[in-house]
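Participant: Quick one: the structure is below, questions incoming.
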Amino acid sequence: MLAAASTTAAELQEEFNGPVAYADRWIWLALLGLVLVGLYYLAVVWFTRERPVEAGVTWSGDVPTARTQHLARIDRIETEVREGRLPARDGHQQLSETVRSWAELVTRLPALTMTLSDFRRQAPWALTETIELMYPPEFAPDEVGEAQERFATAVAKARQLVTSWS
């Protein structure tokens with residue numbers, strides 16, 4: 001009986017093996033995957049963060065000449081709207097483009113491509129206030145945006161902004 005028991009024990013030991021370890025490369029691949037995922041999230045946060053824009057003078061050109069040109073544009077727009085050759089809504093759009101062009105010339109702001117929320121977050125109050133005045137008539141239908149009613153005020157604000165900034 002003892003001989004049969006030792007034969008069975010020898011057979012069992014050959015049949016059973018200890019736990020099998022994974023190859024080391026799988027651990028390194030898993031760690032590499034975690035590092036790559038972490039780097040991806042860091043890159044997303046880094047490249048999509050909001051960068052502050054400083055409003056300061058960057059244009060070294062002839063400011064008086066540029067001011068005269070922008071004021072002439074404002075006068076032309078006002079005349080065309082007053083005479084009925086240009087709808088008030090289009091007048092607001094052209095005024096906004098003129099004010100944005102002026103702001104981009106004398107500041108570091110990318111004013112031509114900024115939205116109203118960008119102006120509220122980054123621009124000086126005088127510029128934001130002027131753009132806010134032109135925004136509803138610029139994008140809403142005439143009866144909703146009060147384009148005609150706001151036009152004289154928008155022209156005055158645009159003129160004041162161009163004459164006061166340098």
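Quick note on naming: the chains in the structure tokens go A, B, ... in the order shown, residues restart at 1 in each chain, and ligands are numbered from 1 in order of appearance.
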Enumerate, in order of chain and increasing residue number, the residues of segment 36-124 of chain A with an atom no farther than 7 Å from segment 133-137 of chain A, each with its shortest atom pair and distance in Å to one decimal, counting only C-alpha atoms, as JSON lines.

Facilitator:
{"residue": "A:Arg89", "atom": "CA", "partner": "A:Pro137", "partner_atom": "CA", "distance": 5.7}
{"residue": "A:His92", "atom": "CA", "partner": "A:Met134", "partner_atom": "CA", "distance": 5.8}
{"residue": "A:Ser96", "atom": "CA", "partner": "A:Met134", "partner_atom": "CA", "distance": 6.5}

Participant: Would you pick out the contacts of Arg82 of chain A at 10 Å or less, using only C-alpha atoms, so that residues sharing its chain but fewer than 5 positions from it are not included, and give the list as a JSON list (two decimals) with C-alpha atoms, in the first residue's frame?

Facilitator:
[["chain", "number", "residue", "atom", "x", "y", "z"],
["A", 76, "ARG", "CA", -19.06, 106.63, -45.01],
["A", 77, "ILE", "CA", -21.10, 103.92, -43.25],
["A", 87, "PRO", "CA", -29.62, 98.68, -44.37],
["A", 88, "ALA", "CA", -29.00, 99.49, -40.70],
["A", 91, "GLY", "CA", -24.26, 99.23, -41.19],
["A", 148, "GLN", "CA", -32.22, 101.42, -36.87],
["A", 151, "PHE", "CA", -27.43, 102.92, -35.13],
["A", 152, "ALA", "CA", -26.79, 106.53, -34.07]]

Participant: Using DSSP on the backbone, list every residue of chain A that comes out as helix (DSSP H, G or I), and give them as a VMD selection string.

Facilitator: chain A and resid 2 to 15 24 to 48 63 to 82 88 to 106 111 to 113 116 to 122 125 to 139 142 to 145 147 to 164

Participant: Do you know which residues are at most 9 Å from Ala103 of chain A counting only C-alpha atoms, after dropping those on the same chain fewer than 6 positions away, and could you put them as a CSV table (one decimal) with N, CA, C and O atoms, in the first residue's frame?

Facilitator:
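So result_2.csv came out as:
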chain,number,residue,atom,x,y,z
A,109,LEU,N,-4.9,92.3,-29.2
A,109,LEU,CA,-6.1,91.5,-29.3
A,109,LEU,C,-6.3,91.0,-30.7
A,109,LEU,O,-6.2,91.8,-31.7
A,110,PRO,N,-6.7,89.8,-31.0
A,110,PRO,CA,-7.1,89.3,-32.3
A,110,PRO,C,-8.6,89.7,-32.5
A,110,PRO,O,-9.4,88.8,-32.6
A,111,ALA,N,-8.9,90.9,-32.5
A,111,ALA,CA,-10.3,91.4,-32.4
A,111,ALA,C,-11.1,91.0,-33.6
A,111,ALA,O,-12.3,90.8,-33.5
A,112,LEU,N,-10.5,90.8,-34.8
A,112,LEU,CA,-11.3,90.4,-35.9
A,112,LEU,C,-11.9,89.0,-35.8
A,112,LEU,O,-12.9,88.7,-36.4
A,127,LEU,N,-14.0,98.9,-25.4
A,127,LEU,CA,-14.2,98.1,-26.6
A,127,LEU,C,-15.3,97.1,-26.4
A,127,LEU,O,-16.2,97.0,-27.3
A,161,LEU,N,-14.5,105.6,-29.6
A,161,LEU,CA,-13.4,104.6,-29.4
A,161,LEU,C,-12.2,104.9,-30.3
A,161,LEU,O,-11.1,104.9,-29.9
A,162,VAL,N,-12.4,105.1,-31.6
A,162,VAL,CA,-11.3,105.4,-32.5
A,162,VAL,C,-10.6,106.7,-32.2
A,162,VAL,O,-9.3,106.7,-32.3
A,165,TRP,N,-8.5,106.1,-28.5
A,165,TRP,CA,-7.4,105.1,-28.4
A,165,TRP,C,-6.3,105.4,-29.3
A,165,TRP,O,-6.4,105.9,-30.4

Participant: Just to confirm, what's the straight-line distance from atom CA of Tyr41 of chain A to atom CA of Trp26 of chain A in Å (one decimal)?

Facilitator: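 Calculated distance between atom CA of Tyr41 of chain A and atom CA of Trp26 of chain A is 22.9 Å.
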
Participant: Rank nothing, just name the residue among A:Phe16, A:Trp102, A:Tyr40, A:Tyr22 nearest to Thr163 of chain A, using only C-alpha atoms.

Facilitator: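 Result for the nearest residue to Thr163 of chain A: A:Trp102.
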
Participant: In Å, how far is it from atom CA of Arg108 of chain A to atom CA of Asp90 of chain A?

Facilitator: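 These atoms are spaced 26.8 Å apart.
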
Participant: Between A:Arg51, A:Arg25, A:Arg100, A:Arg159, single out the one closest to Gln122 of chain A, counting only C-alpha atoms.

Facilitator: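 Answer, going by the shortest atom-to-atom distance: A:Arg51.
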
Participant: For Glu50 of chain A, which of A:Arg150, A:Asp118, A:Val155, A:Thr98 is the closest residue, counting only C-alpha atoms?

Facilitator: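 The closest residue to Glu50 of chain A is A:Asp118.
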